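Okay, protein18.pdb now, which holds PDB, C-alpha atoms:
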```pdb
MODEL        1
ATOM      1  CA  MET N  95       0.000   0.000   0.000
ATOM      2  CA  LYS N  96       2.808   2.379   0.934
ATOM      3  CA  LYS N  97       4.649   1.611  -2.324
ATOM      4  CA  SER N  98       1.469   2.311  -4.292
ATOM      5  CA  LYS N  99       1.079   5.661  -2.541
ATOM      6  CA  HIS N 100       4.657   6.613  -3.370
ATOM      7  CA  LEU N 101       4.188   5.549  -6.993
ATOM      8  CA  ILE N 102       1.077   7.717  -7.346
ATOM      9  CA  ILE N 103       2.868  10.735  -5.834
ATOM     10  CA  THR N 104       5.907  10.176  -8.066
ATOM     11  CA  LEU N 105       3.737  10.016 -11.177
ATOM     12  CA  PHE N 106       1.968  13.182 -10.054
ATOM     13  CA  VAL N 107       5.284  15.014  -9.664
ATOM     14  CA  CYS N 108       6.495  13.795 -13.051
ATOM     15  CA  LEU N 109       3.293  14.990 -14.676
ATOM     16  CA  LEU N 110       3.791  18.438 -13.149
ATOM     17  CA  CYS N 111       7.354  18.604 -14.409
ATOM     18  CA  VAL N 112       6.402  17.574 -17.948
ATOM     19  CA  THR N 113       3.592  20.123 -18.000
ATOM     20  CA  ALA N 114       5.974  22.867 -16.926
ATOM     21  CA  ALA N 115       8.570  21.846 -19.494
ATOM     22  CA  HIS N 116       6.082  22.314 -22.351
ATOM     23  CA  ALA N 117       4.438  25.473 -21.024
ATOM     24  CA  GLN N 118       5.361  28.827 -22.562
ATOM     25  CA  PHE N 119       5.717  31.594 -19.988
ATOM     26  CA  GLY N 120       3.333  33.921 -21.836
ATOM     27  CA  GLY N 121       0.357  31.572 -21.464
ATOM     28  CA  PHE N 122       1.462  30.239 -18.099
ATOM     29  CA  GLY N 123       2.026  33.753 -16.792
ATOM     30  CA  LYS N 124      -1.491  34.714 -17.856
ATOM     31  CA  LYS N 125      -2.884  31.806 -15.839
ATOM     32  CA  LEU N 126      -0.923  33.001 -12.806
ATOM     33  CA  LEU N 127      -2.237  36.539 -13.254
ATOM     34  CA  ASP N 128      -5.779  35.215 -13.627
ATOM     35  CA  LYS N 129      -5.282  33.212 -10.433
ATOM     36  CA  GLY N 130      -4.007  36.290  -8.638
ATOM     37  CA  SER N 131      -6.975  38.329  -9.862
ATOM     38  CA  ASP N 132      -9.412  35.638  -8.738
ATOM     39  CA  MET N 133      -7.886  35.606  -5.247
ATOM     40  CA  VAL N 134      -8.552  39.314  -4.683
ATOM     41  CA  SER N 135     -12.067  39.406  -6.098
ATOM     42  CA  GLY N 136     -14.862  39.611  -3.556
ATOM     43  CA  GLY N 137     -12.690  41.096  -0.788
ATOM     44  CA  GLY N 138      -9.896  38.527  -1.026
ATOM     45  CA  LEU N 139      -7.173  41.185  -0.845
ATOM     46  CA  SER N 140      -7.634  41.590   2.899
ATOM     47  CA  LYS N 141      -7.208  37.836   3.338
ATOM     48  CA  ILE N 142      -4.003  37.879   1.267
ATOM     49  CA  LEU N 143      -2.508  40.682   3.335
ATOM     50  CA  LYS N 144      -3.222  38.776   6.547
ATOM     51  CA  GLN N 145      -1.642  35.565   5.255
ATOM     52  CA  PRO N 146       1.619  34.834   7.108
ATOM     53  CA  GLN N 147       4.949  34.833   5.302
ATOM     54  CA  ALA N 148       6.283  31.383   4.455
ATOM     55  CA  ILE N 149       9.101  32.061   6.949
ATOM     56  CA  SER N 150       8.005  34.749   9.374
ATOM     57  CA  THR N 151      10.962  34.935  11.805
ATOM     58  CA  SER N 152      11.724  38.505  12.873
ATOM     59  CA  PHE N 153      13.925  40.146  15.479
ATOM     60  CA  LYS N 154      10.938  40.107  17.831
ATOM     61  CA  ASP N 155      11.523  36.341  18.053
ATOM     62  CA  VAL N 156      15.090  36.801  19.323
ATOM     63  CA  ASP N 157      15.716  36.119  23.012
ATOM     64  CA  LYS N 158      18.409  38.603  24.047
ATOM     65  CA  THR N 159      18.600  37.202  27.595
ATOM     66  CA  GLY N 160      22.158  36.243  28.509
ATOM     67  CA  SER N 161      23.735  37.832  25.424
ATOM     68  CA  LYS N 162      27.402  38.811  25.568
ATOM     69  CA  PRO N 163      29.276  41.740  23.941
ATOM     70  CA  PRO N 164      31.518  41.229  20.868
ATOM     71  CA  SER N 165      34.578  41.238  23.147
ATOM     72  CA  PHE N 166      33.348  38.133  25.031
ATOM     73  CA  MET N 167      35.979  35.736  23.623
ATOM     74  CA  GLU N 168      38.528  38.355  22.615
ATOM     75  CA  GLY N 169      42.104  37.034  22.580
ATOM     76  CA  LYS N 170      40.968  33.371  22.331
ATOM     77  CA  THR N 171      41.597  31.269  19.216
ATOM     78  CA  PRO N 172      38.733  29.090  17.955
ATOM     79  CA  GLU N 173      39.167  25.568  16.671
ATOM     80  CA  PRO N 174      37.457  24.286  13.489
ATOM     81  CA  LEU N 175      33.853  23.402  14.281
ATOM     82  CA  TYR N 176      33.688  21.078  11.269
ATOM     83  CA  LEU N 177      36.246  18.727  12.875
ATOM     84  CA  LEU N 178      33.801  17.788  15.632
ATOM     85  CA  PRO N 179      32.016  14.431  15.258
ATOM     86  CA  LYS N 180      28.551  14.488  13.713
ATOM     87  CA  THR N 181      25.243  12.784  14.395
ATOM     88  CA  PRO N 182      23.584  10.627  11.687
ATOM     89  CA  GLU N 183      21.321  13.645  10.981
ATOM     90  CA  GLY N 184      24.327  15.894  10.290
ATOM     91  CA  ALA N 185      24.450  17.950  13.513
ATOM     92  CA  TYR N 186      27.762  18.583  15.289
ATOM     93  CA  LYS N 187      28.382  16.906  18.655
ATOM     94  CA  LEU N 188      29.670  19.640  20.919
ATOM     95  CA  CYS N 189      32.581  19.398  23.334
ATOM     96  CA  ALA N 190      33.739  22.050  25.778
ATOM     97  CA  GLY N 191      35.700  24.719  23.928
ATOM     98  CA  TYR N 192      35.624  27.552  21.404
ATOM     99  CA  TYR N 193      34.834  26.732  17.749
ATOM    100  CA  GLU N 194      34.417  28.429  14.390
ATOM    101  CA  MET N 195      33.174  27.507  10.930
ATOM    102  CA  THR N 196      32.406  29.477   7.785
ATOM    103  CA  ASN N 197      29.424  27.761   6.198
ATOM    104  CA  LYS N 198      26.970  28.149   3.355
ATOM    105  CA  SER N 199      24.041  30.379   4.238
ATOM    106  CA  TYR N 200      20.889  31.413   2.404
ATOM    107  CA  CYS N 201      18.684  34.468   2.103
ATOM    108  CA  LEU N 202      15.251  33.927   3.656
ATOM    109  CA  HIS N 203      13.808  37.435   3.331
ATOM    110  CA  ALA N 204      13.132  38.680  -0.200
ATOM    111  CA  GLY N 205      12.965  42.408  -0.825
ATOM    112  CA  THR N 206      15.575  43.357   1.792
ATOM    113  CA  ARG N 207      19.250  44.324   1.583
ATOM    114  CA  GLY N 208      22.252  42.137   2.147
ATOM    115  CA  PRO N 209      24.216  42.239   5.415
ATOM    116  CA  SER N 210      25.948  45.579   5.986
ATOM    117  CA  THR N 211      28.998  46.464   8.064
ATOM    118  CA  GLY N 212      27.881  47.062  11.611
ATOM    119  CA  ASP N 213      24.736  44.925  11.460
ATOM    120  CA  GLY N 214      24.246  42.797  14.561
ATOM    121  CA  TYR N 215      22.880  39.279  14.009
ATOM    122  CA  MET N 216      21.449  37.084  16.748
ATOM    123  CA  LEU N 217      20.059  33.564  16.959
ATOM    124  CA  ALA N 218      16.348  33.177  16.232
ATOM    125  CA  PRO N 219      14.105  30.133  15.728
ATOM    126  CA  VAL N 220      12.792  29.183  12.292
ATOM    127  CA  ILE N 221       9.107  30.158  12.326
ATOM    128  CA  GLY N 222       6.418  30.013   9.651
ATOM    129  CA  PRO N 223       4.223  27.631   7.632
ATOM    130  CA  LYS N 224       7.174  26.421   5.517
ATOM    131  CA  ARG N 225       9.540  25.927   8.462
ATOM    132  CA  ASP N 226       9.764  22.139   8.227
ATOM    133  CA  VAL N 227      10.311  21.913   4.465
ATOM    134  CA  VAL N 228      12.946  24.690   4.489
ATOM    135  CA  ILE N 229      14.887  22.891   7.243
ATOM    136  CA  LEU N 230      14.642  19.605   5.319
ATOM    137  CA  ILE N 231      16.025  21.238   2.166
ATOM    138  CA  LEU N 232      18.994  22.660   4.079
ATOM    139  CA  LYS N 233      19.689  19.316   5.756
ATOM    140  CA  HIS N 234      19.336  17.219   2.589
ATOM    141  CA  ALA N 235      21.482  19.604   0.526
ATOM    142  CA  GLU N 236      24.623  18.468   2.356
ATOM    143  CA  LYS N 237      24.124  14.985   0.908
ATOM    144  CA  HIS N 238      23.626  16.275  -2.647
ATOM    145  CA  ALA N 239      26.855  17.922  -3.775
ATOM    146  CA  GLU N 240      25.561  17.813  -7.360
ATOM    147  CA  VAL N 241      22.986  20.506  -6.521
ATOM    148  CA  ASP N 242      24.755  23.870  -6.419
ATOM    149  CA  GLN N 243      24.095  26.660  -3.934
ATOM    150  CA  HIS N 244      22.472  28.929  -6.533
ATOM    151  CA  SER N 245      19.880  26.276  -7.445
ATOM    152  CA  ILE N 246      19.016  25.745  -3.779
ATOM    153  CA  GLN N 247      18.743  29.489  -3.205
ATOM    154  CA  VAL N 248      16.352  29.855  -6.160
ATOM    155  CA  LEU N 249      14.168  27.074  -4.730
ATOM    156  CA  LEU N 250      14.175  28.772  -1.322
ATOM    157  CA  TRP N 251      13.277  32.130  -2.889
ATOM    158  CA  ALA N 252      10.366  30.487  -4.706
ATOM    159  CA  ILE N 253       9.166  28.971  -1.417
ATOM    160  CA  ILE N 254       9.451  32.159   0.661
ATOM    161  CA  ALA N 255       7.658  34.031  -2.126
ATOM    162  CA  ARG N 256       4.778  31.577  -1.576
ATOM    163  CA  THR N 257       4.951  29.969  -5.012
ATOM    164  CA  ARG N 258       2.934  26.788  -5.451
ATOM    165  CA  PHE N 259       4.954  23.762  -6.541
ATOM    166  CA  VAL N 260       2.692  23.297  -9.561
ATOM    167  CA  ASP N 261       3.538  26.845 -10.693
ATOM    168  CA  MET N 262       7.322  26.475 -10.405
ATOM    169  CA  SER N 263       9.474  26.133 -13.513
ATOM    170  CA  ASN N 264      10.778  22.742 -14.526
ATOM    171  CA  SER N 265      14.330  23.544 -13.320
ATOM    172  CA  ILE N 266      13.111  24.542  -9.839
ATOM    173  CA  LYS N 267      10.932  21.422  -9.655
ATOM    174  CA  LEU N 268      13.972  19.335 -10.576
ATOM    175  CA  THR N 269      15.971  20.848  -7.713
ATOM    176  CA  ALA N 270      13.093  20.142  -5.328
ATOM    177  CA  THR N 271      12.759  16.516  -6.436
ATOM    178  CA  LYS N 272      16.490  15.931  -5.896
ATOM    179  CA  LEU N 273      16.370  17.265  -2.339
ATOM    180  CA  LEU N 274      12.954  16.101  -1.125
ATOM    181  CA  SER N 275      11.205  12.743  -1.003
ATOM    182  CA  THR N 276       7.843  12.295  -2.684
ATOM    183  CA  ASP N 277       6.062  12.759   0.625
ATOM    184  CA  GLU N 278       8.128  15.844   1.469
ATOM    185  CA  LEU N 279       7.280  17.452  -1.881
ATOM    186  CA  LEU N 280       3.657  17.650  -0.780
ATOM    187  CA  MET N 281       4.762  20.074   1.937
ATOM    188  CA  LEU N 282       5.368  22.692  -0.775
ATOM    189  CA  GLU N 283       1.647  23.022  -1.448
ATOM    190  CA  GLY N 284      -0.647  25.247   0.589
ATOM    191  CA  GLY N 285      -0.350  28.868   1.694
ATOM    192  CA  ALA N 286       0.627  29.958  -1.821
ATOM    193  CA  LEU N 287      -0.355  32.929  -3.979
ATOM    194  CA  GLY N 288      -0.760  33.655  -7.660
ATOM    195  CA  VAL N 289       0.931  36.564  -9.423
ATOM    196  CA  LEU N 290      -0.963  39.761  -8.601
ATOM    197  CA  PRO N 291      -1.633  42.276 -11.425
ATOM    198  CA  ALA N 292      -0.107  45.762 -11.147
ATOM    199  CA  SER N 293      -3.434  47.369 -10.215
ATOM    200  CA  VAL N 294      -3.897  44.907  -7.356
ATOM    201  CA  MET N 295      -0.276  45.354  -6.228
ATOM    202  CA  ASP N 296      -0.750  49.124  -6.021
ATOM    203  CA  LYS N 297      -3.880  48.684  -3.927
ATOM    204  CA  ALA N 298      -2.206  46.126  -1.670
ATOM    205  CA  LYS N 299       0.910  48.258  -1.104
ATOM    206  CA  SER N 300      -1.238  51.222  -0.105
ATOM    207  CA  GLN N 301      -2.513  49.128   2.811
ATOM    208  CA  LEU N 302       0.938  48.040   3.997
ATOM    209  CA  PRO N 303       3.545  49.892   6.081
ATOM    210  CA  PRO N 304       6.564  51.110   4.028
ATOM    211  CA  ALA N 305       8.895  48.400   5.385
ATOM    212  CA  ALA N 306       6.537  45.644   4.171
ATOM    213  CA  GLN N 307       5.817  47.077   0.724
ATOM    214  CA  SER N 308       9.152  46.147  -0.867
ATOM    215  CA  VAL N 309       8.921  42.604   0.536
ATOM    216  CA  PHE N 310       5.375  42.118  -0.789
ATOM    217  CA  GLU N 311       6.334  43.426  -4.230
ATOM    218  CA  ALA N 312       9.559  41.382  -4.365
ATOM    219  CA  GLU N 313       7.657  38.174  -3.569
ATOM    220  CA  ASN N 314       5.181  38.903  -6.371
ATOM    221  CA  ASN N 315       8.020  39.429  -8.874
ATOM    222  CA  ILE N 316       9.742  36.255  -7.715
ATOM    223  CA  ARG N 317       6.533  34.215  -8.170
ATOM    224  CA  GLN N 318       6.401  35.375 -11.759
ATOM    225  CA  LEU N 319      10.069  34.562 -12.366
ATOM    226  CA  ALA N 320       9.733  31.180 -10.638
ATOM    227  CA  ALA N 321       7.208  30.166 -13.303
ATOM    228  CA  SER N 322       9.488  31.170 -16.174
ATOM    229  CA  SER N 323      11.754  28.653 -17.854
ATOM    230  CA  ASN N 324      14.071  31.488 -18.906
ATOM    231  CA  ALA N 325      14.568  33.293 -15.594
ATOM    232  CA  SER N 326      18.093  33.129 -14.163
ATOM    233  CA  TYR N 327      19.477  33.237 -10.643
ATOM    234  CA  GLU N 328      20.612  36.807 -11.301
ATOM    235  CA  ASP N 329      17.101  37.818 -12.433
ATOM    236  CA  MET N 330      15.634  36.557  -9.182
ATOM    237  CA  GLU N 331      18.442  37.943  -7.029
ATOM    238  CA  LYS N 332      17.829  41.543  -8.119
ATOM    239  CA  TYR N 333      14.346  41.370  -6.568
ATOM    240  CA  ALA N 334      15.281  39.211  -3.579
ATOM    241  CA  VAL N 335      18.392  41.146  -2.517
ATOM    242  CA  LEU N 336      18.097  44.916  -2.854
ATOM    243  CA  ALA N 337      21.141  46.974  -3.756
ATOM    244  CA  GLY N 338      22.623  49.552  -1.409
ATOM    245  CA  LEU N 339      22.900  49.739   2.348
ATOM    246  CA  ALA N 340      20.077  48.984   4.764
ATOM    247  CA  PRO N 341      18.966  51.674   7.247
ATOM    248  CA  GLN N 342      21.169  52.448  10.236
ATOM    249  CA  PRO N 343      22.083  49.399  12.351
ATOM    250  CA  ASP N 344      20.740  49.110  15.876
ATOM    251  CA  PRO N 345      23.438  50.458  18.272
ATOM    252  CA  GLU N 346      22.126  48.192  21.035
ATOM    253  CA  VAL N 347      22.824  45.095  18.916
ATOM    254  CA  PRO N 348      26.405  45.532  17.635
ATOM    255  CA  SER N 349      28.082  43.398  15.021
ATOM    256  CA  GLY N 350      29.613  40.335  16.660
ATOM    257  CA  ILE N 351      27.183  40.163  19.577
ATOM    258  CA  TRP N 352      26.866  36.717  21.215
ATOM    259  CA  SER N 353      23.519  34.974  21.745
ATOM    260  CA  LEU N 354      22.863  32.502  24.540
ATOM    261  CA  HIS N 355      21.554  29.366  22.841
ATOM    262  CA  PRO N 356      18.515  27.736  24.536
ATOM    263  CA  ASP N 357      20.768  24.730  25.242
ATOM    264  CA  GLY N 358      23.165  26.884  27.275
ATOM    265  CA  TYR N 359      26.133  27.514  24.982
ATOM    266  CA  TYR N 360      27.001  30.810  23.261
ATOM    267  CA  ILE N 361      26.816  31.483  19.531
ATOM    268  CA  ARG N 362      27.387  34.392  17.194
ATOM    269  CA  PHE N 363      27.091  35.039  13.445
ATOM    270  CA  ILE N 364      29.386  37.126  11.231
ATOM    271  CA  PRO N 365      27.912  37.278   7.690
ATOM    272  CA  HIS N 366      30.023  37.757   4.555
ATOM    273  CA  GLY N 367      27.207  38.705   2.210
ATOM    274  CA  TYR N 368      24.195  36.397   2.387
ATOM    275  CA  GLN N 369      25.875  33.299   0.901
ATOM    276  CA  ARG N 370      28.511  32.783   3.607
ATOM    277  CA  THR N 371      28.362  33.143   7.367
ATOM    278  CA  THR N 372      31.062  32.578   9.969
ATOM    279  CA  VAL N 373      29.543  30.879  13.016
ATOM    280  CA  GLN N 374      31.397  30.890  16.327
ATOM    281  CA  ILE N 375      30.386  28.762  19.306
ATOM    282  CA  TYR N 376      31.651  28.741  22.889
ATOM    283  CA  VAL N 377      30.733  25.752  25.070
ATOM    284  CA  PRO N 378      31.563  26.137  28.800
ATOM    285  CA  GLN N 379      33.071  23.059  30.482
ATOM    286  CA  GLU N 380      30.444  23.104  33.243
ATOM    287  CA  LEU N 381      27.680  22.906  30.619
ATOM    288  CA  ILE N 382      29.050  19.673  29.166
ATOM    289  CA  SER N 383      29.131  18.192  32.660
ATOM    290  CA  THR N 384      25.400  18.820  33.114
ATOM    291  CA  LYS N 385      24.208  18.360  29.509
ATOM    292  CA  PRO N 386      25.833  15.387  27.768
ATOM    293  CA  GLY N 387      24.798  14.873  24.159
ATOM    294  CA  LEU N 388      24.788  18.579  23.331
ATOM    295  CA  ILE N 389      24.659  19.365  19.575
ATOM    296  CA  TYR N 390      24.725  22.268  17.128
ATOM    297  CA  ASP N 391      22.412  21.877  14.129
ATOM    298  CA  GLY N 392      22.688  24.919  11.831
ATOM    299  CA  PRO N 393      19.413  24.619   9.847
ATOM    300  CA  ASN N 394      17.359  24.729  13.061
ATOM    301  CA  GLY N 395      18.256  28.387  13.628
ATOM    302  CA  ILE N 396      18.309  31.662  11.713
ATOM    303  CA  ALA N 397      20.857  34.467  11.933
ATOM    304  CA  CYS N 398      18.413  37.336  12.399
ATOM    305  CA  PRO N 399      19.415  40.998  12.048
ATOM    306  CA  ALA N 400      18.300  43.724  14.423
ATOM    307  CA  ASN N 401      18.270  45.902  11.302
ATOM    308  CA  VAL N 402      14.783  45.284   9.865
ATOM    309  CA  GLY N 403      15.951  46.235   6.374
ATOM    310  CA  ALA N 404      18.607  43.493   6.217
ATOM    311  CA  GLN N 405      18.490  39.821   5.226
ATOM    312  CA  ARG N 406      17.718  37.063   7.703
ATOM    313  CA  LEU N 407      20.072  34.168   6.987
ATOM    314  CA  ALA N 408      19.366  30.450   7.059
ATOM    315  CA  GLN N 409      22.336  28.462   8.350
ATOM    316  CA  THR N 410      23.700  25.066   7.304
ATOM    317  CA  ASN N 411      26.078  22.405   8.566
ATOM    318  CA  GLU N 412      28.100  22.682   5.333
ATOM    319  CA  PRO N 413      31.591  24.164   5.850
ATOM    320  CA  LEU N 414      33.205  26.152   3.048
ATOM    321  CA  ASN N 415      36.840  25.303   2.234
ATOM    322  CA  PRO N 416      37.365  22.997   5.234
ATOM    323  CA  ASP N 417      40.899  21.854   6.007
ATOM    324  CA  TYR N 418      40.618  18.299   7.259
ATOM    325  CA  THR N 419      44.387  18.007   7.716
ATOM    326  CA  LYS N 420      43.994  20.019  10.915
ATOM    327  CA  LYS N 421      43.559  18.257  14.253
ATOM    328  CA  LEU N 422      41.429  19.217  17.225
ATOM    329  CA  LYS N 423      43.397  20.200  20.320
ATOM    330  CA  VAL N 424      40.496  19.387  22.643
ATOM    331  CA  VAL N 425      39.687  15.816  23.585
ATOM    332  CA  CYS N 426      36.054  14.906  22.947
ATOM    333  CA  ASN N 427      34.558  12.041  24.895
TER     334      ASN N 427
ENDMDL
END
```
Could you take the file, read its structure, and then write that structure out as structure tokens?
Amino acid sequence: MKKSKHLIITLFVCLLCVTAAHAQFGGFGKKLLDKGSDMVSGGGLSKILKQPQAISTSFKDVDKTGSKPPSFMEGKTPEPLYLLPKTPEGAYKLCAGYYEMTNKSYCLHAGTRGPSTGDGYMLAPVIGPKRDVVILILKHAEKHAEVDQHSIQVLLWAIIARTRFVDMSNSIKLTATKLLSTDELLMLEGGALGVLPASVMDKAKSQLPPAAQSVFEAENNIRQLAASSNASYEDMEKYAVLAGLAPQPDPEVPSGIWSLHPDGYYIRFIPHGYQRTTVQIYVPQELISTKPGLIYDGPNGIACPANVGAQRLAQTNEPLNPDYTKKLKVVCN
């Protein structure tokens, strides 16, 4: 019975991919616009504006209790985090000590600017209707080296823009099918929007605060690009990541600030653009004594900026340019 269910879902996904491969964007785009128009008829615009973002994490979700200043571990030298042993699910098993890793990271907030000098980032939970599928994509990506970072980012942009799987281009569907099981693909449906016509966009933006207008418009543009077989990563990036500097950083949340993780260790994020983030972790010896089995699992947290105009960054367990010839100086039991 279970095999039959999987076969039906697989055939369904294949049918969607074939349909997308033969669709011309002109006709397909018109269907999306018609869908968007239908959604706002009869007072539907208010419902759309109240619909939560696919990933809704904001700085309001950050717990600043126990945070430490940037100078907290000044003068100490971190060891490579990626040399720690890992769990079968890909998380790092933590030992007492100070660790660092520069890993792949991803933009999860379309219509905002990239990290700026001086922006303070703190740990926040992943919240929103698409939380589980986004975390799965980030976890599975480590096992699929054949899928490049740009392809994964485009899929994530399509998801956070609330694009239905059936409306995605064939190339984005292909990325999704490589990273997700047939059952997991079904998580991409629901909570999605069509492409809204310009007249509807103008009306919608007039009902939104200024900070939300660019995000709402960027998501609409991304939905349209996600349906196109000709749209490139660069086309989508220009809507997802705005040029220029974000508004002034929050002086109370300086760059390099440390967050106290709910599990008791300290963590901080130093972004290098939105595609790379240096993560530093300090694990006190007394914590290990009371909490054996402590782990760090990047995709379960977001590097969230205090600057509302900057990108929130999804984290991964994938190190960039690791040097596995190095040896840990600490002894992990």
Report as a compact mmCIF listing (two decimals) with C-alpha atoms, keeping the file's coordinate frame all protein, DNA and RNA residues lying within 6 Å of range 373-378 of chain N, evaluated on all atoms listed in the file, omitting residues in the same chain fewer than 6 positions from it.
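Final output, selection28.txt:
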```txt
# COMPACT_ATOMS: atom_id res chain seq x y z
CA ALA N 190 33.74 22.05 25.78
CA GLY N 191 35.70 24.72 23.93
CA TYR N 192 35.62 27.55 21.40
CA TYR N 193 34.83 26.73 17.75
CA GLU N 194 34.42 28.43 14.39
CA MET N 195 33.17 27.51 10.93
CA TYR N 359 26.13 27.51 24.98
CA TYR N 360 27.00 30.81 23.26
CA ILE N 361 26.82 31.48 19.53
CA ARG N 362 27.39 34.39 17.19
CA PHE N 363 27.09 35.04 13.44
```
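Among N:Ser353, N:Gln243, N:Thr271, N:Thr257, the residue with the shortest atom-to-atom distance to Pro164 in chain N, counting only C-alpha atoms, is N:Ser353.
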ask   = What lies within 12 Å of Cys189 in chain N using only C-alpha atoms, ignoring chain neighbours under 5 positions off, as an NGL selection string?
value = :N and (173 or 175 or 177-180 or 359 or 375-383 or 385-390 or 422-427)
task = Go through the shown structure with the PyMOL selection byres ((chain N and resi 405-419) around 6) and write out the matching residues as JSON, numbers by chain.
result = {"N": [196, 197, 198, 199, 200, 201, 202, 203, 206, 207, 208, 392, 393, 396, 397, 398, 404, 420]}
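Here CA of Tyr176 in chain N stands at a distance of 17.6 Å from CA of Pro365 in chain N.
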inquiry  = Running the PyMOL selection byres ((chain N and resi 278) around 12) on this model by hand, what would come out? Give it as a PyMOL selection string.
reply    = chain N and resi 100+103-104+107+224+226-231+234+259+270-277+279-283
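Across the chains present, the PyMOL selection byres ((chain N and resi 220) around 7) applied to this file returns Thr151, Ala218, Pro219, Ile221, Gly222, Arg225, Asn394, Gly395 and Ile396 of chain N.
Here CA of Tyr186 in chain N is placed at a distance of 6.4 Å from CA of Asp391 in chain N.
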The centre and edge lengths of an axis-aligned box containing all atoms of range 357-361 of chain N present in the file, extended by 5 Å on each side, are to be given in Å to one decimal, as AutoDock Vina command-line options.
```
--center_x 23.9 --center_y 28.1 --center_z 23.4 --size_x 16.2 --size_y 16.8 --size_z 17.7
```
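Between CA of Ile266 in chain N and CA of Gln369 in chain N lies a distance of 18.8 Å.
For the set N:Val309, N:Ala320, N:Ala325, N:Ala337, the residue with the smallest atom-to-atom gap to Val260 in chain N is N:Ala320, counting only C-alpha atoms.
Of the listed residues (N:Tyr368, N:Tyr327, N:Tyr333, N:Phe310), N:Phe310 comes nearest to Gln145 in chain N; the distances count all atoms listed in the file.
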